[in-house]
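This is work.tsv. It holds TSV, C-alpha atoms.
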```tsv
chain	number	residue	atom	x	y	z
B	1	MET	CA	6.42	123.85	85.10
B	2	ALA	CA	8.46	121.14	86.82
B	3	TRP	CA	7.36	118.61	84.22
B	4	LEU	CA	8.56	120.90	81.40
B	5	TYR	CA	12.02	121.19	82.99
B	6	LEU	CA	12.12	117.40	83.43
B	7	MET	CA	11.23	116.87	79.77
B	8	MET	CA	13.95	119.32	78.68
B	9	VAL	CA	16.53	117.38	80.72
B	10	VAL	CA	15.39	113.99	79.43
B	11	CYS	CA	15.33	115.14	75.81
B	12	GLN	CA	18.70	116.90	75.95
B	13	PRO	CA	21.17	115.08	73.62
B	14	GLN	CA	23.45	112.92	75.73
B	15	THR	CA	27.18	112.89	75.07
B	16	VAL	CA	29.72	110.37	76.28
B	17	ALA	CA	33.27	111.55	76.81
B	18	ASP	CA	35.54	109.81	74.33
B	19	ASP	CA	38.70	110.98	76.06
B	20	GLU	CA	40.62	108.00	77.44
B	21	GLY	CA	41.64	109.85	80.60
B	22	VAL	CA	44.98	110.99	81.93
B	23	PHE	CA	45.79	107.64	83.59
B	24	SER	CA	45.46	105.68	80.34
B	25	LYS	CA	47.49	108.30	78.49
B	26	ALA	CA	50.20	108.13	81.13
B	27	LEU	CA	50.29	104.34	80.80
B	28	TRP	CA	50.64	104.56	77.01
B	29	PHE	CA	53.32	107.23	77.42
B	30	VAL	CA	55.37	104.76	79.47
B	31	HIS	CA	54.73	102.02	76.87
B	32	ALA	CA	55.99	104.36	74.12
B	33	TYR	CA	58.77	106.29	75.84
B	34	GLY	CA	59.60	104.55	79.10
B	35	LYS	CA	62.77	102.75	80.06
B	36	VAL	CA	63.12	99.47	78.24
B	37	THR	CA	62.23	97.33	81.28
B	38	CYS	CA	58.92	99.16	81.74
B	39	SER	CA	57.37	97.69	78.59
B	40	ALA	CA	57.51	94.09	79.87
B	41	ALA	CA	54.11	92.58	80.68
B	42	GLU	CA	55.37	91.45	84.08
B	43	LYS	CA	56.01	95.12	84.99
B	44	ASP	CA	52.54	96.31	84.02
B	45	GLN	CA	50.96	96.12	87.46
B	46	HIS	CA	53.93	97.90	89.06
B	47	VAL	CA	53.80	100.65	86.43
B	48	LYS	CA	50.05	101.12	87.02
B	49	HIS	CA	50.46	101.39	90.79
B	50	PHE	CA	53.30	103.86	90.30
B	51	LEU	CA	51.29	106.02	87.88
B	52	ALA	CA	48.20	106.00	90.08
B	53	LYS	CA	50.27	107.32	92.97
B	54	SER	CA	51.99	109.93	90.80
B	55	LEU	CA	48.69	111.25	89.43
B	56	ALA	CA	46.80	111.19	92.72
B	57	ASP	CA	47.17	114.86	93.68
B	58	ASP	CA	47.13	117.09	90.59
B	59	ARG	CA	46.57	114.66	87.69
B	60	GLN	CA	49.91	115.65	86.17
B	61	LEU	CA	53.23	113.86	85.91
B	62	SER	CA	56.46	115.40	87.13
B	63	LEU	CA	59.99	114.46	86.19
B	64	LYS	CA	60.84	113.91	89.84
B	65	GLU	CA	58.05	111.35	90.21
B	66	MET	CA	58.65	109.67	86.85
B	67	SER	CA	62.43	109.28	86.91
B	68	GLU	CA	62.06	105.58	87.73
B	69	LEU	CA	60.08	104.96	84.55
B	70	VAL	CA	61.32	107.49	81.97
B	71	ASP	CA	64.75	108.91	81.18
B	72	SER	CA	64.95	112.61	82.08
B	73	GLU	CA	65.89	113.89	78.62
B	74	VAL	CA	63.03	111.99	77.02
B	75	PHE	CA	60.57	113.30	79.60
B	76	GLN	CA	61.71	116.91	79.22
B	77	ASN	CA	61.54	116.65	75.45
B	78	PHE	CA	57.77	116.66	75.90
B	79	SER	CA	57.34	118.51	79.20
B	80	GLY	CA	59.52	121.52	78.54
B	81	GLU	CA	61.41	123.51	81.16
B	82	ASP	CA	58.78	123.10	83.87
B	83	SER	CA	59.39	119.31	83.89
B	84	ILE	CA	55.63	118.74	84.26
B	85	LEU	CA	53.61	116.72	81.77
B	86	SER	CA	50.07	118.02	81.48
B	87	ASP	CA	47.16	116.13	79.95
B	88	ALA	CA	47.56	118.14	76.73
B	89	GLU	CA	51.28	117.38	76.55
B	90	LEU	CA	50.61	113.68	77.10
B	91	THR	CA	48.13	113.75	74.23
B	92	ALA	CA	50.67	115.46	71.97
B	93	ALA	CA	53.35	112.91	72.89
B	94	LEU	CA	51.04	110.03	72.03
B	95	VAL	CA	50.13	111.56	68.67
B	96	THR	CA	53.85	111.71	67.89
B	97	ALA	CA	54.22	108.03	68.82
B	98	THR	CA	51.33	106.82	66.65
B	99	PRO	CA	52.63	104.66	63.78
B	100	ALA	CA	51.02	104.98	60.35
B	101	ALA	CA	49.85	101.35	60.36
B	102	ARG	CA	47.72	101.98	63.46
B	103	LEU	CA	45.75	104.61	61.59
B	104	ARG	CA	44.97	102.06	58.89
B	105	LEU	CA	43.25	99.66	61.31
B	106	PHE	CA	39.48	99.65	61.04
B	107	PRO	CA	38.21	102.11	63.69
B	108	LYS	CA	36.27	99.56	65.74
B	109	LEU	CA	39.22	97.18	65.77
B	110	LYS	CA	41.67	99.95	66.65
B	111	HIS	CA	39.55	100.97	69.64
B	112	HIS	CA	39.44	97.35	70.79
B	113	ALA	CA	43.22	97.15	70.57
B	114	ILE	CA	43.51	100.40	72.53
B	115	GLU	CA	41.38	98.93	75.30
B	116	LEU	CA	43.41	95.71	75.43
B	117	THR	CA	46.64	97.66	75.93
B	118	THR	CA	45.31	98.80	79.29
B	119	SER	CA	45.03	95.22	80.55
B	120	PHE	CA	48.50	93.68	80.29
B	121	ASP	CA	48.25	92.91	84.02
B	122	MET	CA	45.71	90.22	83.07
B	123	ILE	CA	48.32	88.20	81.16
B	124	ALA	CA	49.19	84.93	82.89
B	125	PRO	CA	52.71	84.95	84.41
B	126	SER	CA	53.37	81.63	82.67
B	127	ARG	CA	53.50	83.57	79.37
B	128	TYR	CA	56.06	86.19	80.42
B	129	ARG	CA	59.03	84.15	79.24
B	130	ALA	CA	57.47	83.37	75.86
B	131	ILE	CA	56.57	87.05	75.36
B	132	GLU	CA	60.16	88.06	76.08
B	133	GLN	CA	61.56	85.40	73.74
B	134	LEU	CA	59.31	86.40	70.87
B	135	SER	CA	59.89	90.12	71.30
B	136	ASP	CA	63.66	89.51	71.39
B	137	TRP	CA	63.43	87.50	68.16
B	138	ILE	CA	61.49	90.33	66.48
B	139	VAL	CA	64.16	92.82	67.54
B	140	GLN	CA	66.98	90.62	66.26
B	141	GLN	CA	65.30	89.87	62.95
B	142	SER	CA	64.21	93.47	62.39
B	143	GLU	CA	67.86	94.40	61.92
B	144	THR	CA	67.90	92.38	58.68
B	145	GLY	CA	65.12	94.44	57.12
B	146	GLU	CA	63.46	91.27	55.87
B	147	PRO	CA	59.76	90.41	56.31
B	148	LEU	CA	59.00	88.64	59.60
B	149	ASN	CA	56.53	85.77	59.29
B	150	PHE	CA	54.83	83.76	62.02
B	151	VAL	CA	52.78	80.58	61.76
B	152	THR	CA	50.47	80.00	64.72
B	153	THR	CA	49.57	76.34	65.05
B	154	CYS	CA	47.00	74.29	66.94
B	155	THR	CA	45.39	70.94	66.17
B	156	GLY	CA	42.30	71.66	64.07
B	157	ASN	CA	43.24	75.17	62.79
B	158	SER	CA	39.70	76.26	63.53
B	159	ARG	CA	39.85	78.34	66.72
B	160	ARG	CA	43.00	79.20	68.68
B	161	SER	CA	45.48	79.25	65.79
B	162	ILE	CA	43.21	81.48	63.68
B	163	LEU	CA	42.47	83.76	66.64
B	164	SER	CA	46.21	83.98	67.28
B	165	ALA	CA	47.09	84.76	63.67
B	166	GLN	CA	44.50	87.48	63.29
B	167	MET	CA	44.98	89.09	66.70
B	168	GLY	CA	48.70	88.93	65.96
B	169	ASN	CA	48.14	90.83	62.71
B	170	MET	CA	46.10	93.41	64.59
B	171	ALA	CA	48.84	93.79	67.23
B	172	ALA	CA	51.59	94.15	64.61
B	173	ALA	CA	49.68	96.92	62.81
B	174	TYR	CA	48.85	98.66	66.09
B	175	TYR	CA	52.54	98.96	67.00
B	176	GLY	CA	53.67	99.79	63.48
B	177	PHE	CA	55.35	96.52	62.48
B	178	GLU	CA	54.44	96.67	58.80
B	179	ASN	CA	56.95	93.92	58.00
B	180	VAL	CA	55.29	91.43	60.39
B	181	ARG	CA	52.65	88.99	59.17
B	182	PHE	CA	50.91	86.12	60.95
B	183	TYR	CA	49.55	82.97	59.31
B	184	SER	CA	47.78	79.96	60.81
B	185	GLY	CA	47.88	76.20	60.44
B	186	GLY	CA	47.10	72.93	62.16
B	187	THR	CA	48.17	69.33	62.60
B	188	ALA	CA	44.72	67.89	61.75
B	189	PRO	CA	42.78	70.59	59.84
B	190	THR	CA	39.00	70.85	60.07
B	191	ALA	CA	37.36	74.20	59.16
B	192	PHE	CA	37.37	77.88	60.15
B	193	ASN	CA	34.80	77.59	62.94
B	194	PRO	CA	31.75	79.91	62.64
B	195	ARG	CA	32.12	80.86	66.33
B	196	THR	CA	35.66	82.05	65.63
B	197	ILE	CA	34.39	84.11	62.71
B	198	THR	CA	31.69	85.69	64.88
B	199	THR	CA	34.00	86.64	67.74
B	200	LEU	CA	36.46	88.28	65.33
B	201	GLN	CA	33.68	90.15	63.52
B	202	GLU	CA	32.38	91.45	66.85
B	203	ILE	CA	35.51	93.56	67.35
B	204	GLY	CA	35.81	94.86	63.80
B	205	PHE	CA	37.44	92.28	61.53
B	206	HIS	CA	35.87	92.13	58.07
B	207	ILE	CA	35.34	88.50	57.07
B	208	GLU	CA	33.63	87.45	53.84
B	209	PRO	CA	33.33	84.04	52.09
B	210	THR	CA	35.10	83.79	48.75
B	211	GLY	CA	32.78	81.07	47.47
B	212	LYS	CA	35.74	78.71	47.17
B	213	GLU	CA	36.58	75.67	49.25
B	214	ALA	CA	39.95	74.33	50.38
B	215	GLU	CA	40.92	70.70	50.65
B	216	ARG	CA	38.99	68.91	53.38
B	217	GLY	CA	40.62	67.27	56.37
B	218	GLN	CA	40.23	63.70	57.58
B	219	ILE	CA	36.77	64.28	59.05
B	220	GLN	CA	35.60	65.74	55.72
B	221	LEU	CA	34.05	68.95	57.02
B	222	SER	CA	33.26	71.61	54.44
B	223	ASN	CA	36.30	73.91	54.42
B	224	PRO	CA	35.34	77.29	52.89
B	225	ILE	CA	37.94	79.97	52.18
B	226	PHE	CA	37.38	83.48	53.57
B	227	ASP	CA	38.76	86.90	52.81
B	228	ILE	CA	39.73	88.60	56.06
B	229	ALA	CA	40.78	92.22	56.60
B	230	TRP	CA	41.83	94.20	59.67
B	231	GLY	CA	42.41	97.59	58.07
B	232	GLU	CA	42.86	99.60	54.90
B	233	GLY	CA	45.26	97.59	52.75
B	234	LEU	CA	45.66	95.03	55.56
B	235	SER	CA	44.10	91.74	54.50
B	236	GLY	CA	44.59	88.09	53.65
B	237	VAL	CA	42.75	84.81	53.29
B	238	GLU	CA	41.91	82.34	56.03
B	239	PHE	CA	40.85	78.70	56.01
B	240	SER	CA	41.76	75.50	57.83
B	241	LYS	CA	44.99	73.90	56.61
B	242	MET	CA	48.14	72.09	57.62
B	243	HIS	CA	50.81	74.27	59.19
B	244	ASP	CA	53.09	73.54	56.21
B	245	ASP	CA	50.44	74.33	53.60
B	246	LYS	CA	51.77	75.97	50.45
B	247	SER	CA	49.85	79.17	51.32
B	248	ASN	CA	52.00	79.58	54.47
B	249	PRO	CA	55.67	80.60	54.73
B	250	ARG	CA	57.88	77.57	54.17
B	251	SER	CA	61.15	78.76	55.71
B	252	GLY	CA	62.61	81.39	58.02
B	253	PHE	CA	59.40	81.85	60.00
B	254	ALA	CA	58.69	81.67	63.73
B	255	ALA	CA	56.44	78.75	64.67
B	256	VAL	CA	54.11	79.58	67.55
B	257	LEU	CA	52.46	76.50	69.08
B	258	VAL	CA	49.24	77.73	70.71
B	259	CYS	CA	47.83	74.44	72.02
B	260	SER	CA	49.46	71.72	74.07
B	261	GLU	CA	48.50	68.97	71.58
B	262	ALA	CA	50.20	70.71	68.66
B	263	ASP	CA	53.15	71.52	70.91
B	264	ALA	CA	53.55	67.80	71.63
B	265	ASP	CA	52.92	66.73	68.01
B	266	CYS	CA	55.47	69.17	66.55
B	267	PRO	CA	58.73	68.93	68.51
B	268	ASP	CA	60.39	70.12	65.30
B	269	VAL	CA	58.70	72.34	62.72
B	270	ALA	CA	60.24	72.01	59.26
B	271	GLY	CA	61.47	75.32	57.91
B	272	ALA	CA	61.01	77.24	61.16
B	273	ALA	CA	63.84	79.55	62.20
B	274	PHE	CA	62.44	79.74	65.70
B	275	ARG	CA	59.93	77.59	67.59
B	276	PHE	CA	58.28	78.23	70.90
B	277	SER	CA	55.21	77.31	72.89
B	278	MET	CA	52.54	79.80	73.94
B	279	THR	CA	49.47	77.73	74.76
B	280	PHE	CA	45.92	78.93	75.38
B	281	LEU	CA	42.82	77.18	76.68
B	282	ASP	CA	40.42	75.91	74.01
B	283	PRO	CA	37.11	77.84	73.86
B	284	LYS	CA	35.62	74.74	72.20
B	285	THR	CA	34.97	73.27	75.64
B	286	PHE	CA	32.18	75.82	76.08
B	287	ASP	CA	30.48	75.17	72.71
B	288	ASP	CA	26.67	74.96	72.89
B	289	SER	CA	26.58	76.33	76.44
B	290	ARG	CA	25.23	79.66	77.64
B	291	PHE	CA	28.84	80.75	78.23
B	292	GLU	CA	29.87	80.14	74.63
B	293	THR	CA	29.92	83.73	73.34
B	294	GLN	CA	31.58	85.03	76.50
B	295	LYS	CA	34.31	82.37	76.46
B	296	TYR	CA	35.19	82.89	72.80
B	297	ALA	CA	35.51	86.63	73.48
B	298	GLU	CA	37.56	85.88	76.60
B	299	ARG	CA	40.00	83.69	74.66
B	300	ARG	CA	40.17	86.17	71.77
B	301	ASP	CA	41.10	88.98	74.15
B	302	ASP	CA	43.50	86.81	76.13
B	303	ILE	CA	45.36	86.08	72.90
B	304	GLY	CA	45.06	89.67	71.69
B	305	ARG	CA	46.54	91.33	74.76
B	306	THR	CA	49.36	88.76	74.78
B	307	PHE	CA	50.43	89.57	71.22
B	308	LEU	CA	50.00	93.29	71.85
B	309	ALA	CA	52.36	92.89	74.81
B	310	VAL	CA	54.86	91.13	72.53
B	311	MET	CA	54.75	93.96	70.01
B	312	ALA	CA	54.86	96.70	72.67
B	313	ASP	CA	57.96	95.13	74.20
B	314	ALA	CA	59.64	94.66	70.81
B	315	ARG	CA	58.88	98.25	69.79
B	316	ARG	CA	60.29	99.63	73.04
B	317	LYS	CA	63.49	97.57	72.70
B	318	LEU	CA	63.96	98.67	69.09
B	319	HIS	CA	63.53	102.31	70.06
B	320	HIS	CA	66.21	102.00	72.69
B	321	LYS	CA	68.58	100.45	70.16
B	322	THR	CA	68.02	103.09	67.49
B	323	ALA	CA	69.92	106.31	68.10
B	324	SER	CA	67.86	108.19	65.50
B	325	ASN	CA	64.57	107.09	67.02
B	326	GLU	CA	62.02	109.72	66.06
B	327	TYR	CA	59.81	108.85	69.04
B	328	LEU	CA	62.56	109.32	71.62
B	329	VAL	CA	64.06	112.51	70.27
B	330	ARG	CA	61.59	115.09	69.08
B	331	PRO	CA	63.08	118.58	68.60
B	332	ARG	CA	61.04	121.20	70.41
B	333	ASN	CA	59.97	124.34	68.57
```

Would you mind writing the file's structure down as structure tokens?
Amino acid sequence: MAWLYLMMVVCQPQTVADDEGVFSKALWFVHAYGKVTCSAAEKDQHVKHFLAKSLADDRQLSLKEMSELVDSEVFQNFSGEDSILSDAELTAALVTATPAARLRLFPKLKHHAIELTTSFDMIAPSRYRAIEQLSDWIVQQSETGEPLNFVTTCTGNSRRSILSAQMGNMAAAYYGFENVRFYSGGTAPTAFNPRTITTLQEIGFHIEPTGKEAERGQIQLSNPIFDIAWGEGLSGVEFSKMHDDKSNPRSGFAAVLVCSEADADCPDVAGAAFRFSMTFLDPKTFDDSRFETQKYAERRDDIGRTFLAVMADARRKLHHKTASNEYLVRPRN
């Protein structure tokens, strides 16, 4: 009968826990409700070490242990009189902090964004200053109530600038910035590279050709126009173009230079209210090698976690500035 028991075990439907775990929830709790300094990418490793130590014994968070990271009144708003945050209470707190735009992201893309928010410690220290500058600009401009536009720019507008624009749109939706929109452009347009399309589709972007073609660049590559969507009601068009193309914002936008060549070629960006450099390595160097797919995914995620860190920091700063913040003050029943 041993074989029958073995067959029953093998044939039993297998389930994989889809719970993210108490450590991840604790990390996101700090991102959403922690003291303003705790949302900075440069603090991520410290926060993770601190949380790991705090959760080591009973897998719960106490006010005494967490006072360095979270204000006491905020913590007790979710923990209650016992000043202990259980797994269930962490889950409830995160549900409260979920913006509507995040729920509109396509499920596969939302889960990818969730995973990237656990890896802010992988962001290069050389980007910390740029992240802080951009998040500060978002906070300042958000007070006006006007739409916030960004134009990410590289040379050919085929890889890094498009990856940056679309991962930026994902990050903005994830953290509930419905007034934020990213566009892309270049200094010598070519075409939306098929490898870029593939690596975005792999994580859940919907990309379809429109059947139309945009103006070709100097090297006369075919330049098809694509519809691209990252969630329900969250969509746009993408193709290779100059950074000042008529389809892009023409004034009041933030110019984000994502390659060193474009950074050097555009010391001044006409119409930009704010200009800064945030450069990334070009995945093109690995084209036609066995590392190609891996390196495009690596660059996509490098860019994605960077813009998620920008939005996380901006959201935290805005919450601290807003006295009526619904995430910080939740009346208990």

Can you list, as a VMD selection string, every protein, DNA or RNA residue that comes within 10 Å of range 80-90 of chain B when you count all atoms listed in the file, leaving out same-chain residues fewer than 6 positions away? chain B and resid 21 to 23 25 to 26 28 to 29 58 to 66 72 to 73 96 332

Between CA of Val95 in chain B and CA of Glu42 in chain B, what is the distance in Å, rounded to a tenth?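 One can read the CA of Val95 in chain B to CA of Glu42 in chain B distance as 25.9 Å.
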
Excluding Gly231 in chain B and residues on its chain fewer than 2 positions from it, collect all residues at most 9 Å away from it, counting all atoms listed in the file, and give them as an MDAnalysis selection string. chainID B and resid 101:107 109:110 170 173 205:206 229 233:235

For Ser67 in chain B, please output as a list of chain:residue names all residues within 12 Å (counting all atoms listed in the file; exclusion window: fewer than 6 positions along the same chain).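 Those residues are B:Val30, B:Gly34, B:Lys35, B:Cys38, B:Phe50, B:Leu51, B:Ser54, B:Leu61, B:Glu73, B:Val74, B:Phe75, B:Gln76, B:Ser83, B:Ile84.
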
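One distance worth recording is that between CA of Ala272 in chain B and CA of Ser251 in chain B, which is 5.7 Å.
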
Quick one: everything within 9 Å of Phe280 in chain B, counting only C-alpha atoms, minus sequence neighbours fewer than 5 positions away in the same chain. Send it as a list of chain:residue names.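 Within the cut-off, the hits are B:Arg160, B:Val258, B:Cys259, B:Ser260, B:Arg299, B:Asp302, B:Ile303.
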
Could you give me, as a PyMOL selection string, the residues within 12 Å of Glu115 in chain B, counting only C-alpha atoms and dropping anything in the same chain fewer than 4 positions from it? chain B and resi 20+24-25+27-28+108-111+119-120+174+203+301+304-305+308

With only C-alpha atoms as the basis for distance, which of B:Ser164, B:Thr118, B:Ser158, B:Thr152 is at the shortest distance from Pro224 in chain B?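 Smallest separation from Pro224 in chain B among the options: B:Ser158.
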